[in-house]
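Colleague: The structure is given below, and queries will be raised subsequently.
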Amino acid sequence: MAKTIFKKTGMLTDVPLHYCPGCTHGIIHRLVAECVEELGMQDKAVGIAPVGCGVFAYKYFNCDMMEAAHGRAPAVATGIKRVLPETLVFTYQGDGDLASIGAAEIVHAAARGENFTTIFVNNAIYGMTGGQMAPTTLVGQVTTTSPYGRNEQTQGRPVNIAELLGTINGACYIERTSVHDVPHILKTKKAIKKALEYQMGGKGFSLVEVLSTCPTNWGLSPLESIDWLKENMIPQYPLGVTKDRGSEEKA
């Protein structure tokens, strides 16, 4: 009798993903899905899909999903969690959605200590709309709206969301991870599960920022994109925990 050594999580549907070759959104989807299922919360989970590359997340997650207006996922999540506090609520947002038009939403959700979890995918560019400069675009990085590279003098420096939210008292758990290789994929899963567990424990707002690749808009191959992330994004966006009030409370 054959032994099952791997099984697809039931938290993902069988709908084929629409993402470009080499994009790591699919990996992150799977990690979120596995964590929800392993926590036994599939029937009590509610996800909020963003506007951006992850806009069709409601097709992929096998749980109740809502579609939010651009940047407003935290507001939708706040309403759902307050009305249905027993649910496991997560938003899935990109850097354009969260760090630009949705910046006020995420900051004030964290300040209020809203008890939901945000999965924040940072690929340093607007992906879906054609590769424009995002708040997370690196200095010198070429995009369709910064053809000579982001100019620090006129366009400022990128916004480090994890560090920013880590200064807010209402935030419970903030960590930045990456999915560029297997060890970091496993660390990302651990971080996502911890954030969800903190929510289940009623500890407050949690966010996991995940560095992701965008081969299409970076103009690189999938393998080149992984190297570019390691060499350029991680120095700007250091991996690690910026806030863990749960651990502080234990201490």
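By order in the structure tokens, chains are A, B, ...; within a chain, residues start at 1; ligands start at 1, following the order shown.
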Would you please give, as a PyMOL selection string, all residues of segment 53-218 of chain A that DSSP assigns to alpha helix (DSSP H) based on the backbone?
Modeller: chain A and resi 57-60+73-83+95-96+103-112+152-155+161-166+182-200+215-218
Colleague: With a distance cut-off of 10 Å and only C-alpha atoms, select the neighbouring residues of Thr143 of chain A, excluding the residue or stretch itself and same-chain residues fewer than 4 positions from it, and output the selection as a PyMOL selection string.
Modeller: chain A and resi 124-126+130-134+137+147-150+217-219
Colleague: Please write the residues from the selection above to a file, keeping C-alpha atoms, as a compact mmCIF listing (two decimals), in the first residue's frame.
Modeller:
# COMPACT_ATOMS: atom_id res chain seq x y z
CA ALA A 124 8.98 46.74 -4.22
CA ILE A 125 6.76 47.63 -7.18
CA TYR A 126 3.18 47.96 -8.42
CA GLY A 130 2.24 47.78 -15.09
CA GLY A 131 5.25 48.14 -12.83
CA GLN A 132 5.02 51.67 -11.45
CA MET A 133 7.08 52.92 -8.52
CA ALA A 134 5.63 51.93 -5.16
CA THR A 137 10.58 50.80 -4.45
CA PRO A 147 12.77 55.21 -15.73
CA TYR A 148 16.04 56.66 -14.43
CA GLY A 149 15.70 54.98 -11.06
CA ARG A 150 14.03 56.20 -7.87
CA ASN A 217 8.10 43.96 -13.74
CA TRP A 218 11.69 43.70 -12.56
CA GLY A 219 12.62 42.54 -16.07
Colleague: For His180 of chain A, list every protein, DNA or RNA residue within 10 Å, evaluated using only C-alpha atoms, and leave out those in the same chain fewer than 6 positions away; present the list as a ChimeraX atom specification.
Modeller: /A:24,27,210-213,223,225-227,229-230
Colleague: Using only N, CA and C atoms, please write the residues we just selected to a file, as a PDB file, in the first residue's frame.
Modeller:
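Written file, again28.pdb:
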ATOM      1  N   THR A  24       6.219  34.771  -6.351  1.00  0.00           N
ATOM      2  CA  THR A  24       6.127  33.948  -5.139  1.00  0.00           C
ATOM      3  C   THR A  24       4.816  34.152  -4.372  1.00  0.00           C
ATOM      4  N   ILE A  27       3.421  30.753  -3.371  1.00  0.00           N
ATOM      5  CA  ILE A  27       4.040  30.152  -2.184  1.00  0.00           C
ATOM      6  C   ILE A  27       3.405  30.723  -0.922  1.00  0.00           C
ATOM      7  N   VAL A 210       6.196  39.890   3.979  1.00  0.00           N
ATOM      8  CA  VAL A 210       6.920  38.851   3.247  1.00  0.00           C
ATOM      9  C   VAL A 210       7.556  39.454   1.995  1.00  0.00           C
ATOM     10  N   LEU A 211       8.872  39.405   1.901  1.00  0.00           N
ATOM     11  CA  LEU A 211       9.557  39.875   0.698  1.00  0.00           C
ATOM     12  C   LEU A 211       9.309  38.881  -0.426  1.00  0.00           C
ATOM     13  N   SER A 212       8.905  39.409  -1.582  1.00  0.00           N
ATOM     14  CA  SER A 212       8.480  38.566  -2.689  1.00  0.00           C
ATOM     15  C   SER A 212       9.114  39.064  -3.988  1.00  0.00           C
ATOM     16  N   THR A 213       9.188  38.200  -4.976  1.00  0.00           N
ATOM     17  CA  THR A 213       9.775  38.566  -6.266  1.00  0.00           C
ATOM     18  C   THR A 213       8.694  39.000  -7.258  1.00  0.00           C
ATOM     19  N   LEU A 223      15.027  33.049 -11.605  1.00  0.00           N
ATOM     20  CA  LEU A 223      16.249  32.815 -10.831  1.00  0.00           C
ATOM     21  C   LEU A 223      16.985  34.121 -10.558  1.00  0.00           C
ATOM     22  N   SER A 225      15.636  36.959 -10.270  1.00  0.00           N
ATOM     23  CA  SER A 225      14.828  37.706  -9.311  1.00  0.00           C
ATOM     24  C   SER A 225      15.139  37.303  -7.877  1.00  0.00           C
ATOM     25  N   ILE A 226      15.360  36.026  -7.664  1.00  0.00           N
ATOM     26  CA  ILE A 226      15.719  35.557  -6.326  1.00  0.00           C
ATOM     27  C   ILE A 226      17.026  36.187  -5.878  1.00  0.00           C
ATOM     28  N   ASP A 227      18.004  36.203  -6.770  1.00  0.00           N
ATOM     29  CA  ASP A 227      19.293  36.825  -6.442  1.00  0.00           C
ATOM     30  C   ASP A 227      19.129  38.318  -6.191  1.00  0.00           C
ATOM     31  N   LEU A 229      16.506  39.895  -5.097  1.00  0.00           N
ATOM     32  CA  LEU A 229      15.878  40.088  -3.788  1.00  0.00           C
ATOM     33  C   LEU A 229      16.908  39.973  -2.675  1.00  0.00           C
ATOM     34  N   LYS A 230      17.733  38.935  -2.736  1.00  0.00           N
ATOM     35  CA  LYS A 230      18.740  38.722  -1.687  1.00  0.00           C
ATOM     36  C   LYS A 230      19.745  39.868  -1.644  1.00  0.00           C
TER      37      LYS A 230
END
Colleague: In Å to one decimal, how far is atom CA of Val139 of chain A from atom CA of Gln155 of chain A?
Modeller: 8.8 Å
Colleague: Can you tell me which residues surround Tyr92 of chain A at a distance of at most 10 Å, considering only C-alpha atoms, apart from same-chain residues fewer than 4 positions away, and format the answer as number ranges by chain?
Modeller: A: 28-29, 32, 47-51, 54-55, 57, 73-74, 97-98, 117-121
Colleague: Using only C-alpha atoms, determine which residues lie at most 9 Å from Gln199 of chain A, disregarding the query and same-chain residues fewer than 6 positions distant; provide the list as a PDB file with N, CA and C atoms, in the first residue's frame.
Modeller:
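around_30.pdb written:
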ATOM      1  N   LEU A  88     -11.406  33.774  12.495  1.00  0.00           N
ATOM      2  CA  LEU A  88      -9.984  34.039  12.271  1.00  0.00           C
ATOM      3  C   LEU A  88      -9.902  34.903  11.024  1.00  0.00           C
ATOM      4  N   VAL A  89      -9.610  36.174  11.194  1.00  0.00           N
ATOM      5  CA  VAL A  89      -9.668  37.137  10.096  1.00  0.00           C
ATOM      6  C   VAL A  89      -8.259  37.503   9.644  1.00  0.00           C
ATOM      7  N   ASN A 115      -7.835  43.081  16.456  1.00  0.00           N
ATOM      8  CA  ASN A 115      -7.392  41.699  16.610  1.00  0.00           C
ATOM      9  C   ASN A 115      -7.575  40.887  15.318  1.00  0.00           C
ATOM     10  N   PHE A 116      -6.834  41.277  14.276  1.00  0.00           N
ATOM     11  CA  PHE A 116      -6.787  40.483  13.056  1.00  0.00           C
ATOM     12  C   PHE A 116      -5.339  40.435  12.560  1.00  0.00           C
ATOM     13  N   THR A 117      -5.103  39.650  11.529  1.00  0.00           N
ATOM     14  CA  THR A 117      -3.740  39.413  11.031  1.00  0.00           C
ATOM     15  C   THR A 117      -3.626  39.870   9.583  1.00  0.00           C
ATOM     16  N   PHE A 205      -3.369  43.234  17.160  1.00  0.00           N
ATOM     17  CA  PHE A 205      -2.992  43.324  15.741  1.00  0.00           C
ATOM     18  C   PHE A 205      -1.659  42.631  15.464  1.00  0.00           C
ATOM     19  N   SER A 206      -1.622  41.864  14.372  1.00  0.00           N
ATOM     20  CA  SER A 206      -0.383  41.205  13.968  1.00  0.00           C
ATOM     21  C   SER A 206      -0.201  41.331  12.463  1.00  0.00           C
TER      22      SER A 206
END
Colleague: Hey, what does DSSP flag as strand (DSSP E) within segment 21-209 of chain A? Can you give it to me as a PDB file with N, CA and C atoms, in the first residue's frame?
Modeller:
ATOM      1  N   ALA A  45     -12.496  30.768   9.278  1.00  0.00           N
ATOM      2  CA  ALA A  45     -11.600  31.774   8.708  1.00  0.00           C
ATOM      3  C   ALA A  45     -12.339  32.682   7.733  1.00  0.00           C
ATOM      4  N   VAL A  46     -11.969  33.956   7.763  1.00  0.00           N
ATOM      5  CA  VAL A  46     -12.471  34.935   6.797  1.00  0.00           C
ATOM      6  C   VAL A  46     -11.279  35.727   6.279  1.00  0.00           C
ATOM      7  N   GLY A  47     -11.074  35.697   4.960  1.00  0.00           N
ATOM      8  CA  GLY A  47      -9.972  36.424   4.355  1.00  0.00           C
ATOM      9  C   GLY A  47     -10.476  37.653   3.609  1.00  0.00           C
ATOM     10  N   ILE A  48      -9.627  38.682   3.556  1.00  0.00           N
ATOM     11  CA  ILE A  48      -9.954  39.905   2.833  1.00  0.00           C
ATOM     12  C   ILE A  48      -8.970  40.045   1.673  1.00  0.00           C
ATOM     13  N   ALA A  49      -9.495  40.028   0.448  1.00  0.00           N
ATOM     14  CA  ALA A  49      -8.657  40.153  -0.743  1.00  0.00           C
ATOM     15  C   ALA A  49      -8.411  41.625  -1.056  1.00  0.00           C
ATOM     16  N   ASP A  64     -14.425  31.604   3.656  1.00  0.00           N
ATOM     17  CA  ASP A  64     -15.164  32.821   3.344  1.00  0.00           C
ATOM     18  C   ASP A  64     -14.186  33.937   3.006  1.00  0.00           C
ATOM     19  N   MET A  65     -14.465  34.654   1.919  1.00  0.00           N
ATOM     20  CA  MET A  65     -13.584  35.738   1.477  1.00  0.00           C
ATOM     21  C   MET A  65     -14.418  36.970   1.167  1.00  0.00           C
ATOM     22  N   MET A  66     -13.809  38.128   1.386  1.00  0.00           N
ATOM     23  CA  MET A  66     -14.415  39.407   1.024  1.00  0.00           C
ATOM     24  C   MET A  66     -13.434  40.150   0.123  1.00  0.00           C
ATOM     25  N   GLU A  67     -13.960  40.956  -0.782  1.00  0.00           N
ATOM     26  CA  GLU A  67     -13.130  41.821  -1.622  1.00  0.00           C
ATOM     27  C   GLU A  67     -13.257  43.244  -1.114  1.00  0.00           C
ATOM     28  N   LEU A  88     -11.406  33.774  12.495  1.00  0.00           N
ATOM     29  CA  LEU A  88      -9.984  34.039  12.271  1.00  0.00           C
ATOM     30  C   LEU A  88      -9.902  34.903  11.024  1.00  0.00           C
ATOM     31  N   VAL A  89      -9.610  36.174  11.194  1.00  0.00           N
ATOM     32  CA  VAL A  89      -9.668  37.137  10.096  1.00  0.00           C
ATOM     33  C   VAL A  89      -8.259  37.503   9.644  1.00  0.00           C
ATOM     34  N   PHE A  90      -8.031  37.417   8.335  1.00  0.00           N
ATOM     35  CA  PHE A  90      -6.739  37.843   7.791  1.00  0.00           C
ATOM     36  C   PHE A  90      -6.940  38.690   6.544  1.00  0.00           C
ATOM     37  N   THR A  91      -6.091  39.700   6.382  1.00  0.00           N
ATOM     38  CA  THR A  91      -6.044  40.446   5.131  1.00  0.00           C
ATOM     39  C   THR A  91      -4.801  40.009   4.372  1.00  0.00           C
ATOM     40  N   TYR A  92      -4.908  40.014   3.063  1.00  0.00           N
ATOM     41  CA  TYR A  92      -3.786  39.644   2.201  1.00  0.00           C
ATOM     42  C   TYR A  92      -3.556  40.830   1.272  1.00  0.00           C
ATOM     43  N   GLN A  93      -2.444  41.571   1.478  1.00  0.00           N
ATOM     44  CA  GLN A  93      -2.262  42.847   0.789  1.00  0.00           C
ATOM     45  C   GLN A  93      -0.857  43.010   0.219  1.00  0.00           C
ATOM     46  N   GLY A  94      -0.779  43.706  -0.912  1.00  0.00           N
ATOM     47  CA  GLY A  94       0.507  44.038  -1.509  1.00  0.00           C
ATOM     48  C   GLY A  94       0.984  45.400  -1.054  1.00  0.00           C
ATOM     49  N   THR A 117      -5.103  39.650  11.529  1.00  0.00           N
ATOM     50  CA  THR A 117      -3.740  39.413  11.031  1.00  0.00           C
ATOM     51  C   THR A 117      -3.626  39.870   9.583  1.00  0.00           C
ATOM     52  N   THR A 118      -2.553  40.563   9.279  1.00  0.00           N
ATOM     53  CA  THR A 118      -2.291  41.010   7.906  1.00  0.00           C
ATOM     54  C   THR A 118      -1.081  40.285   7.339  1.00  0.00           C
ATOM     55  N   ILE A 119      -1.249  39.743   6.140  1.00  0.00           N
ATOM     56  CA  ILE A 119      -0.136  39.197   5.384  1.00  0.00           C
ATOM     57  C   ILE A 119       0.212  40.253   4.340  1.00  0.00           C
ATOM     58  N   PHE A 120       1.369  40.855   4.485  1.00  0.00           N
ATOM     59  CA  PHE A 120       1.787  41.983   3.650  1.00  0.00           C
ATOM     60  C   PHE A 120       2.884  41.531   2.692  1.00  0.00           C
ATOM     61  N   VAL A 121       2.580  41.500   1.394  1.00  0.00           N
ATOM     62  CA  VAL A 121       3.526  41.020   0.386  1.00  0.00           C
ATOM     63  C   VAL A 121       4.236  42.217  -0.240  1.00  0.00           C
ATOM     64  N   ASN A 122       5.541  42.268  -0.053  1.00  0.00           N
ATOM     65  CA  ASN A 122       6.363  43.393  -0.512  1.00  0.00           C
ATOM     66  C   ASN A 122       7.266  42.944  -1.660  1.00  0.00           C
ATOM     67  N   ALA A 171       0.129  47.472  18.203  1.00  0.00           N
ATOM     68  CA  ALA A 171       0.584  46.289  17.467  1.00  0.00           C
ATOM     69  C   ALA A 171       1.121  45.251  18.434  1.00  0.00           C
ATOM     70  N   CYS A 172       0.760  43.994  18.205  1.00  0.00           N
ATOM     71  CA  CYS A 172       1.192  42.912  19.085  1.00  0.00           C
ATOM     72  C   CYS A 172       2.391  42.165  18.512  1.00  0.00           C
ATOM     73  N   TYR A 173       2.318  41.853  17.221  1.00  0.00           N
ATOM     74  CA  TYR A 173       3.371  41.034  16.615  1.00  0.00           C
ATOM     75  C   TYR A 173       3.621  41.489  15.184  1.00  0.00           C
ATOM     76  N   ILE A 174       4.867  41.895  14.894  1.00  0.00           N
ATOM     77  CA  ILE A 174       5.278  42.338  13.563  1.00  0.00           C
ATOM     78  C   ILE A 174       6.581  41.630  13.210  1.00  0.00           C
ATOM     79  N   GLU A 175       6.591  40.943  12.084  1.00  0.00           N
ATOM     80  CA  GLU A 175       7.822  40.277  11.631  1.00  0.00           C
ATOM     81  C   GLU A 175       7.953  40.388  10.120  1.00  0.00           C
ATOM     82  N   ARG A 176       9.207  40.508   9.652  1.00  0.00           N
ATOM     83  CA  ARG A 176       9.482  40.506   8.217  1.00  0.00           C
ATOM     84  C   ARG A 176      10.237  39.229   7.860  1.00  0.00           C
ATOM     85  N   THR A 177       9.743  38.559   6.826  1.00  0.00           N
ATOM     86  CA  THR A 177      10.340  37.310   6.374  1.00  0.00           C
ATOM     87  C   THR A 177      10.527  37.369   4.856  1.00  0.00           C
ATOM     88  N   SER A 178      10.932  36.246   4.274  1.00  0.00           N
ATOM     89  CA  SER A 178      11.096  36.159   2.829  1.00  0.00           C
ATOM     90  C   SER A 178      10.805  34.731   2.393  1.00  0.00           C
ATOM     91  N   PHE A 205      -3.369  43.234  17.160  1.00  0.00           N
ATOM     92  CA  PHE A 205      -2.992  43.324  15.741  1.00  0.00           C
ATOM     93  C   PHE A 205      -1.659  42.631  15.464  1.00  0.00           C
ATOM     94  N   SER A 206      -1.622  41.864  14.372  1.00  0.00           N
ATOM     95  CA  SER A 206      -0.383  41.205  13.968  1.00  0.00           C
ATOM     96  C   SER A 206      -0.201  41.331  12.463  1.00  0.00           C
ATOM     97  N   LEU A 207       1.043  41.416  12.031  1.00  0.00           N
ATOM     98  CA  LEU A 207       1.364  41.548  10.602  1.00  0.00           C
ATOM     99  C   LEU A 207       2.657  40.821  10.300  1.00  0.00           C
ATOM    100  N   VAL A 208       2.639  40.058   9.205  1.00  0.00           N
ATOM    101  CA  VAL A 208       3.854  39.433   8.691  1.00  0.00           C
ATOM    102  C   VAL A 208       4.122  40.027   7.318  1.00  0.00           C
ATOM    103  N   GLU A 209       5.230  40.725   7.184  1.00  0.00           N
ATOM    104  CA  GLU A 209       5.670  41.270   5.901  1.00  0.00           C
ATOM    105  C   GLU A 209       6.537  40.225   5.214  1.00  0.00           C
TER     106      GLU A 209
END
